[in-house]
file coords-v2.pdb (PDB, C-alpha atoms)
ATOM      1  CA  MET G  17     128.969  85.254 103.149  1.00  0.00           C
ATOM      2  CA  PRO G  18     128.532  88.743 101.677  1.00  0.00           C
ATOM      3  CA  LYS G  19     125.101  90.308 101.467  1.00  0.00           C
ATOM      4  CA  LEU G  20     123.218  89.728  98.247  1.00  0.00           C
ATOM      5  CA  PRO G  21     122.488  92.819  96.186  1.00  0.00           C
ATOM      6  CA  ARG G  22     118.936  94.135  96.286  1.00  0.00           C
ATOM      7  CA  SER G  23     117.425  94.317  92.832  1.00  0.00           C
ATOM      8  CA  THR G  24     114.136  94.641  91.000  1.00  0.00           C
ATOM      9  CA  ALA G  25     112.476  92.062  88.803  1.00  0.00           C
ATOM     10  CA  ASP G  26     113.577  93.984  85.691  1.00  0.00           C
ATOM     11  CA  GLU G  27     117.235  93.702  86.697  1.00  0.00           C
ATOM     12  CA  ALA G  28     116.855  89.980  87.440  1.00  0.00           C
ATOM     13  CA  GLU G  29     115.179  89.470  84.066  1.00  0.00           C
ATOM     14  CA  LYS G  30     118.076  91.205  82.273  1.00  0.00           C
ATOM     15  CA  MET G  31     120.575  88.898  84.011  1.00  0.00           C
ATOM     16  CA  LEU G  32     118.604  85.780  83.058  1.00  0.00           C
ATOM     17  CA  LEU G  33     118.127  86.783  79.423  1.00  0.00           C
ATOM     18  CA  LYS G  34     121.787  87.739  79.092  1.00  0.00           C
ATOM     19  CA  SER G  35     122.844  84.307  80.382  1.00  0.00           C
ATOM     20  CA  GLY G  36     120.702  82.492  77.806  1.00  0.00           C
ATOM     21  CA  PHE G  37     117.408  81.887  79.605  1.00  0.00           C
ATOM     22  CA  GLU G  38     114.241  82.206  77.537  1.00  0.00           C
ATOM     23  CA  LYS G  39     110.911  83.571  78.767  1.00  0.00           C
ATOM     24  CA  ILE G  40     108.455  80.763  78.119  1.00  0.00           C
ATOM     25  CA  ARG G  41     105.246  82.114  79.650  1.00  0.00           C
ATOM     26  CA  THR G  42     103.561  84.499  82.061  1.00  0.00           C
ATOM     27  CA  LYS G  43     100.953  83.623  84.649  1.00  0.00           C
ATOM     28  CA  GLY G  44      99.521  86.586  86.488  1.00  0.00           C
ATOM     29  CA  SER G  45     102.392  88.655  87.834  1.00  0.00           C
ATOM     30  CA  HIS G  46     104.927  85.818  87.544  1.00  0.00           C
ATOM     31  CA  ARG G  47     107.207  85.206  84.576  1.00  0.00           C
ATOM     32  CA  ILE G  48     108.711  81.779  83.944  1.00  0.00           C
ATOM     33  CA  TYR G  49     112.136  81.359  82.314  1.00  0.00           C
ATOM     34  CA  LEU G  50     113.728  78.174  81.006  1.00  0.00           C
ATOM     35  CA  LYS G  51     117.181  77.078  79.888  1.00  0.00           C
ATOM     36  CA  SER G  52     117.784  73.374  79.173  1.00  0.00           C
ATOM     37  CA  ASN G  53     116.205  71.693  82.205  1.00  0.00           C
ATOM     38  CA  ARG G  54     116.493  74.663  84.611  1.00  0.00           C
ATOM     39  CA  ARG G  55     113.308  76.651  85.289  1.00  0.00           C
ATOM     40  CA  ILE G  56     113.031  79.821  87.363  1.00  0.00           C
ATOM     41  CA  VAL G  57     110.003  81.929  88.285  1.00  0.00           C
ATOM     42  CA  ILE G  58     110.326  85.672  88.930  1.00  0.00           C
ATOM     43  CA  PRO G  59     107.443  87.654  90.509  1.00  0.00           C
ATOM     44  CA  PHE G  60     106.937  91.029  88.810  1.00  0.00           C
ATOM     45  CA  HIS G  61     105.546  93.747  91.061  1.00  0.00           C
ATOM     46  CA  LYS G  62     106.245  97.317  89.957  1.00  0.00           C
ATOM     47  CA  GLY G  63     108.453  99.327  92.280  1.00  0.00           C
ATOM     48  CA  LYS G  64     109.186  96.422  94.652  1.00  0.00           C
ATOM     49  CA  LEU G  65     112.510  94.783  95.377  1.00  0.00           C
ATOM     50  CA  LEU G  66     112.865  91.032  95.101  1.00  0.00           C
ATOM     51  CA  HIS G  67     113.341  88.953  98.219  1.00  0.00           C
ATOM     52  CA  PRO G  68     116.978  87.914  98.771  1.00  0.00           C
ATOM     53  CA  LYS G  69     116.025  84.230  98.384  1.00  0.00           C
ATOM     54  CA  ILE G  70     114.821  84.895  94.840  1.00  0.00           C
ATOM     55  CA  ILE G  71     118.034  86.766  93.998  1.00  0.00           C
ATOM     56  CA  LYS G  72     119.977  83.780  95.346  1.00  0.00           C
ATOM     57  CA  GLN G  73     117.977  81.452  93.053  1.00  0.00           C
ATOM     58  CA  VAL G  74     118.750  83.662  90.047  1.00  0.00           C
ATOM     59  CA  PHE G  75     122.495  83.675  90.763  1.00  0.00           C
ATOM     60  CA  LYS G  76     122.489  79.919  91.432  1.00  0.00           C
ATOM     61  CA  SER G  77     120.644  79.234  88.153  1.00  0.00           C
ATOM     62  CA  ILE G  78     123.055  81.387  86.155  1.00  0.00           C
ATOM     63  CA  GLU G  79     126.082  79.821  87.832  1.00  0.00           C
ATOM     64  CA  ASN G  80     124.891  76.234  87.295  1.00  0.00           C
ATOM     65  CA  GLU G  81     124.333  76.786  83.578  1.00  0.00           C
ATOM     66  CA  LYS G  82     127.894  77.931  82.865  1.00  0.00           C
TER      67      LYS G  82
END
call {"tool": "encode", "arguments": {"input": "coords-v2.pdb", "output": "structure tokens"}}
result
Amino acid sequence: MPKLPRSTADEAEKMLLKSGFEKIRTKGSHRIYLKSNRRIVIPFHKGKLLHPKIIKQVFKSIENEK
């Protein structure tokens, strides 16, 4: 399996919004997105890269909704 790309929370948010997810709320430094019955939480910390597991969740959520 190829390595997952390293990205920031802003880049992950752009991918989610482009695929039709909607930001429903914010709690602290976490933003929650929803599309149909699929929910995903992205931690927002300025200048930090997301953990590869979170990137994997984002790609899986986008792929499952198509």
call {"tool": "resolve_selection", "arguments": {"input": "coords-v2.pdb", "expression": "the PyMOL selection byres ((chain G and resi 36) around 10)", "output": "CSV table (one decimal) with C-alpha atoms, keeping the file's coordinate frame"}}
result
chain,number,residue,atom,x,y,z
G,31,MET,CA,120.6,88.9,84.0
G,32,LEU,CA,118.6,85.8,83.1
G,33,LEU,CA,118.1,86.8,79.4
G,34,LYS,CA,121.8,87.7,79.1
G,35,SER,CA,122.8,84.3,80.4
G,37,PHE,CA,117.4,81.9,79.6
G,38,GLU,CA,114.2,82.2,77.5
G,39,LYS,CA,110.9,83.6,78.8
G,49,TYR,CA,112.1,81.4,82.3
G,50,LEU,CA,113.7,78.2,81.0
G,51,LYS,CA,117.2,77.1,79.9
G,52,SER,CA,117.8,73.4,79.2
G,78,ILE,CA,123.1,81.4,86.2
G,81,GLU,CA,124.3,76.8,83.6
G,82,LYS,CA,127.9,77.9,82.9
call {"tool": "residues_near_point", "arguments": {"input": "coords-v2.pdb", "point": "(117.0, 96.6, 96.9)", "cutoff": "9 Å", "atoms": "only C-alpha atoms", "output": "PDB file with C-alpha atoms, keeping the file's coordinate frame"}}
result
ATOM      1  CA  PRO G  21     122.488  92.819  96.186  1.00  0.00           C
ATOM      2  CA  ARG G  22     118.936  94.135  96.286  1.00  0.00           C
ATOM      3  CA  SER G  23     117.425  94.317  92.832  1.00  0.00           C
ATOM      4  CA  THR G  24     114.136  94.641  91.000  1.00  0.00           C
ATOM      5  CA  LYS G  64     109.186  96.422  94.652  1.00  0.00           C
ATOM      6  CA  LEU G  65     112.510  94.783  95.377  1.00  0.00           C
ATOM      7  CA  LEU G  66     112.865  91.032  95.101  1.00  0.00           C
ATOM      8  CA  HIS G  67     113.341  88.953  98.219  1.00  0.00           C
ATOM      9  CA  PRO G  68     116.978  87.914  98.771  1.00  0.00           C
TER      10      PRO G  68
END
call {"tool": "residues_around", "arguments": {"input": "coords-v2.pdb", "residues": "G:Pro59", "least_positions_apart": "3", "cutoff": "7 Å", "atoms": "only C-alpha atoms", "output": "list in words"}}
result
Ala25, Ser45, His46 and Arg47 of chain G
call {"tool": "atom_distance", "arguments": {"input": "coords-v2.pdb", "atom1": "atom CA of G:Thr42", "atom2": "atom CA of G:Leu20"}}
result
26.0 Å
call {"tool": "closest_residue", "arguments": {"input": "coords-v2.pdb", "among": "G:Lys19, G:Ser77, G:Ala28, G:Gly44", "to": "G:Ile56", "atoms": "all atoms listed in the file"}}
result
G:Ser77
call {"tool": "atom_distance", "arguments": {"input": "coords-v2.pdb", "atom1": "atom CA of G:Glu79", "atom2": "atom CA of G:Asp26"}}
result
19.0 Å
call {"tool": "atom_distance", "arguments": {"input": "coords-v2.pdb", "atom1": "atom CA of G:Gly63", "atom2": "atom CA of G:Asn80"}}
result
28.8 Å
